[in-house]
Amino acid sequence: MEIMAVGKLFDACYLNKKVLVTGNTGFKGSWLCSWLLKMGAKVYGISNGIPTRPLSLFEEIGLETKMEYVEADIRDGEKMKSLFARIQPDFVFHLAAQPIVIRSYHDPVETMSTNIMGTVNILEALRILENECSAVMITSDKCYDNVEWVWGYKETDALGGKDPYSASKGAAEIMIKTYYHSYFSKPESPVRLLAVRAGNVIGGGDWAESRIVPDCIKAWNNRKAVEIRSPHSTRPWQHVLEPLSGYLQAGKMLSTNESLNGQAFNFGPNSDQNKTVLELIDALALTWGGNAEELYKVILPPNFHEAGLLKLNCDKALALLGWRPVLHFSETAEMTARWYKTAAGGEKDLFAYTTGQIEQYIALARERNLIWCRN
C-alpha cells in the first residue's frame with residue numbers, strides 16, 4: 001500500500017508503529033484506521049462485530065483485508081489482557097462503546113456494562129503492559145452534566161447526565177481519572193493516557209441508527225422524506241476528520257510530552273457552527289439536490305430526555321496541542337453529502353475515495369496553517 005505523501009504529518013510518529021484501535025468497525029473507527037493505514041502504521045483492531053448492517057463503512061471500504069482485526073467484546077477483560085499482551089501496541093485509541101442514546105434507554109445495562117466496565121477492562125489491559133504506550137481514551141461531549149447553558153463546557157466542568165448514555169460516559173471519565181492517579185501517573189509506568197471528548201460527528205459512511213445524517217440518506221435514497229424529532233435542536237456539527245485530527249495530534253504529543261499524561265481535551269467546531277437540525281438538512285440538500293422542505297417531515301418529539309443545546313469550549317486543545325478545526329460548516333456538509341452521493345452512484349473503490357477526502361482535508365489544513373500538518 002502506498003503511504004500517503006504527507007511530509008511530516010504528526011511528525012511521522014505513526015509510521016511503522018503498532019496502533020491498536022478498539023471499535024475499529026464503527027464509523028469513526030473506520031475513518032481513523034483508514035488514516036493510520038495511509039500514514040504507514042501497522043493497524044490492529046478490536047471490535048464486537050460489525051455494528052451496522054446491511055451497510056457498514058468498514059466493509060464498504062474493505063478494511064478487513066488491510067489490517068489485523070480481532071472480533072472480541074471489550075466486556076471480556078481476560079481477552080483484552082491477552083490481546084494487548086500479544087500486540088504490545090505503541091499507541092491505543094479506545095473508541096469501542098455503545099454509542100446510541102435511544103438504545104441506552106431500551107437497554108441501560110448493556111450501555112453501562114460496555115461503556116463503563118468495557119473502559120475499565122481496556123484500562124486494566126493497559127496497566128499490565130510492559131512496553132511504552134500512549135493511549136487516547138475517547139468518550140463523548142455528553143459526559144458533561146448538561147444544563148443547556150449558552151457557553152461551551154470546559155474540561156473542568158462537572159460530569160454526569162440525565163440519560164443512561166450520558167451517565168455511562170461521565171462514569172467512564174471517572175474511571176479514566178481513577179486509573180491515571182492510581183497507576184499511570186507513577187514514574188515507573190510505561191503507559192501514558194489522556195481522555196478526549198467530542199460529539200455530533202458527521203461524515204460519509206455513518207449508517208448508525210437514530211442519527212440525523214444516516215436517517216436522511218436512507219430516506220432520500222428511497223425517495224422519501226426523512227422523519228425528524230427535534231428540528232430546532234442545535235448541535236456542534238463537525239466532520240469526522242476534525243476530532244480524528246485532534247486524537248492523532250493528542251496521541252503524538254502525549255508520546256513525547258509527559259505533562260499531558262492524565263489530561264482531558266475537548267474537540268469541537270467553532271461556536272458559529274452550532275447549527276440546528278434544519279440548518280444541517282438545508283446544507284446537505286445543497287449537494288444532494290432537491291428542495292430541503294420536501295426532504296423532511298417533523299414527527300412527535302421523543303418521550304425521553306434529549307438535550308436541546310450542547311457545545312464545547314476547545315481553548316485548551318488550542319493552547320496545549322495547537323489544534324483547531326479546519327472546516328467551515330458548509331464544507332463539512334458538502335464533504336459529507338458528497339461521500340454518500342458518490343457511494344450511491346456506484347463508486348467501485350470507496351477506500352480510495354475515502355482516503356481522497358482525507359487528503360483533501362489535509363490540503364485545507366495546510367492551506368490554513370494547522371500545526372500538525374506543517375512540512
# chains A, B, ... in the order shown; residues from 1 in each chain; ligands from 1

call {"tool": "residues_around", "arguments": {"residues": "Gln238 in chain A", "least_positions_apart": "6", "cutoff": "8 Å", "atoms": "only C-alpha atoms", "output": "list in words"}}
result
Asn200, Val201, Ile202, Gly268, Pro269, Gln273, Phe329 and Thr332 of chain A

call {"tool": "select_by_dssp", "arguments": {"residues": "range 208-367 of chain A", "states": "strand (DSSP E or B)", "output": "JSON, numbers by chain"}}
result
{"A": [226, 227, 228, 234, 235, 236, 238, 239, 264, 265, 266, 274, 275, 276, 296, 297, 298, 312]}

call {"tool": "write_last_selection", "arguments": {"atoms": "C-alpha atoms", "output": "mmCIF file, in the first residue's frame"}}
result
data_model
loop_
_atom_site.group_PDB
_atom_site.id
_atom_site.type_symbol
_atom_site.label_atom_id
_atom_site.label_comp_id
_atom_site.auth_asym_id
_atom_site.auth_seq_id
_atom_site.Cartn_x
_atom_site.Cartn_y
_atom_site.Cartn_z
ATOM 1 C CA VAL A 226 -36.803 11.873 6.459
ATOM 2 C CA GLU A 227 -38.684 11.961 9.761
ATOM 3 C CA ILE A 228 -37.077 14.294 12.314
ATOM 4 C CA THR A 234 -28.738 22.741 17.986
ATOM 5 C CA ARG A 235 -25.578 20.665 17.852
ATOM 6 C CA PRO A 236 -21.879 21.426 17.296
ATOM 7 C CA GLN A 238 -18.263 18.663 12.848
ATOM 8 C CA HIS A 239 -16.828 16.421 10.169
ATOM 9 C CA ALA A 264 -8.583 15.760 29.135
ATOM 10 C CA PHE A 265 -9.314 17.630 25.916
ATOM 11 C CA ASN A 266 -12.406 18.793 24.040
ATOM 12 C CA ASN A 274 -23.689 25.298 16.394
ATOM 13 C CA LYS A 275 -26.474 24.781 13.875
ATOM 14 C CA THR A 276 -29.991 23.381 14.113
ATOM 15 C CA TYR A 296 -38.122 16.090 5.718
ATOM 16 C CA LYS A 297 -41.204 15.944 7.898
ATOM 17 C CA VAL A 298 -41.458 16.619 11.625
ATOM 18 C CA LEU A 312 -17.783 22.605 23.885
#

call {"tool": "atom_distance", "arguments": {"atom1": "CA of Thr178 in chain A", "atom2": "CA of Asp315 in chain A"}}
result
24.4 Å

call {"tool": "closest_residue", "arguments": {"among": "A:Pro51, A:Gly262, A:Pro243, A:Gly290", "to": "Val326 in chain A", "atoms": "only C-alpha atoms"}}
result
A:Pro243

call {"tool": "closest_residue", "arguments": {"among": "A:Asn115, A:Ser233, A:Ser330, A:Ser182", "to": "Leu278 in chain A", "atoms": "only C-alpha atoms"}}
result
A:Ser233

call {"tool": "atom_distance", "arguments": {"atom1": "CA of Glu242 in chain A", "atom2": "CA of Arg324 in chain A"}}
result
8.4 Å

call {"tool": "closest_residue", "arguments": {"among": "A:Pro214, A:Gly322, A:Gly199, A:Gly26", "to": "Glu59 in chain A", "atoms": "only C-alpha atoms"}}
result
A:Gly26

call {"tool": "select_by_dssp", "arguments": {"residues": "range 118-349 of chain A", "states": "alpha helix (DSSP H)", "output": "PyMOL selection string"}}
result
chain A and resi 118-127+164-179+212-221+241-256+277-288+315-316+329-344

call {"tool": "closest_residue", "arguments": {"among": "A:Leu318, A:Leu241, A:Met117, A:Cys216", "to": "Trp288 in chain A", "atoms": "only C-alpha atoms"}}
result
A:Cys216

call {"tool": "atom_distance", "arguments": {"atom1": "CA of Asp272 in chain A", "atom2": "CA of Trp323 in chain A"}}
result
17.3 Å

call {"tool": "residues_around", "arguments": {"residues": "Cys373 in chain A", "least_positions_apart": "3", "cutoff": "7 Å", "atoms": "only C-alpha atoms", "output": "ChimeraX atom specification"}}
result
/A:8-10,365-366,370

call {"tool": "write_last_selection", "arguments": {"atoms": "N, CA and C atoms", "output": "mmCIF file, in the first residue's frame"}}
result
data_model
loop_
_atom_site.group_PDB
_atom_site.id
_atom_site.type_symbol
_atom_site.label_atom_id
_atom_site.label_comp_id
_atom_site.auth_asym_id
_atom_site.auth_seq_id
_atom_site.Cartn_x
_atom_site.Cartn_y
_atom_site.Cartn_z
ATOM 1 N N LYS A 8 5.807 15.630 7.008
ATOM 2 C CA LYS A 8 5.988 15.353 8.435
ATOM 3 C C LYS A 8 4.669 15.439 9.191
ATOM 4 N N LEU A 9 3.621 14.905 8.588
ATOM 5 C CA LEU A 9 2.318 14.897 9.238
ATOM 6 C C LEU A 9 2.412 14.203 10.584
ATOM 7 N N PHE A 10 2.014 14.892 11.655
ATOM 8 C CA PHE A 10 2.159 14.392 13.033
ATOM 9 C C PHE A 10 3.596 13.941 13.297
ATOM 10 N N ALA A 365 -6.062 21.885 5.643
ATOM 11 C CA ALA A 365 -5.380 22.150 6.913
ATOM 12 C C ALA A 365 -4.039 22.838 6.669
ATOM 13 N N ARG A 366 -3.321 22.388 5.654
ATOM 14 C CA ARG A 366 -2.037 23.032 5.324
ATOM 15 C C ARG A 366 -2.262 24.458 4.835
ATOM 16 N N LEU A 370 -2.400 24.687 9.889
ATOM 17 C CA LEU A 370 -2.532 23.900 11.100
ATOM 18 C C LEU A 370 -1.188 23.305 11.483
#

call {"tool": "closest_residue", "arguments": {"among": "A:Trp237, A:Tyr179, A:Tyr247, A:Tyr340", "to": "His328 in chain A", "atoms": "only C-alpha atoms"}}
result
A:Trp237
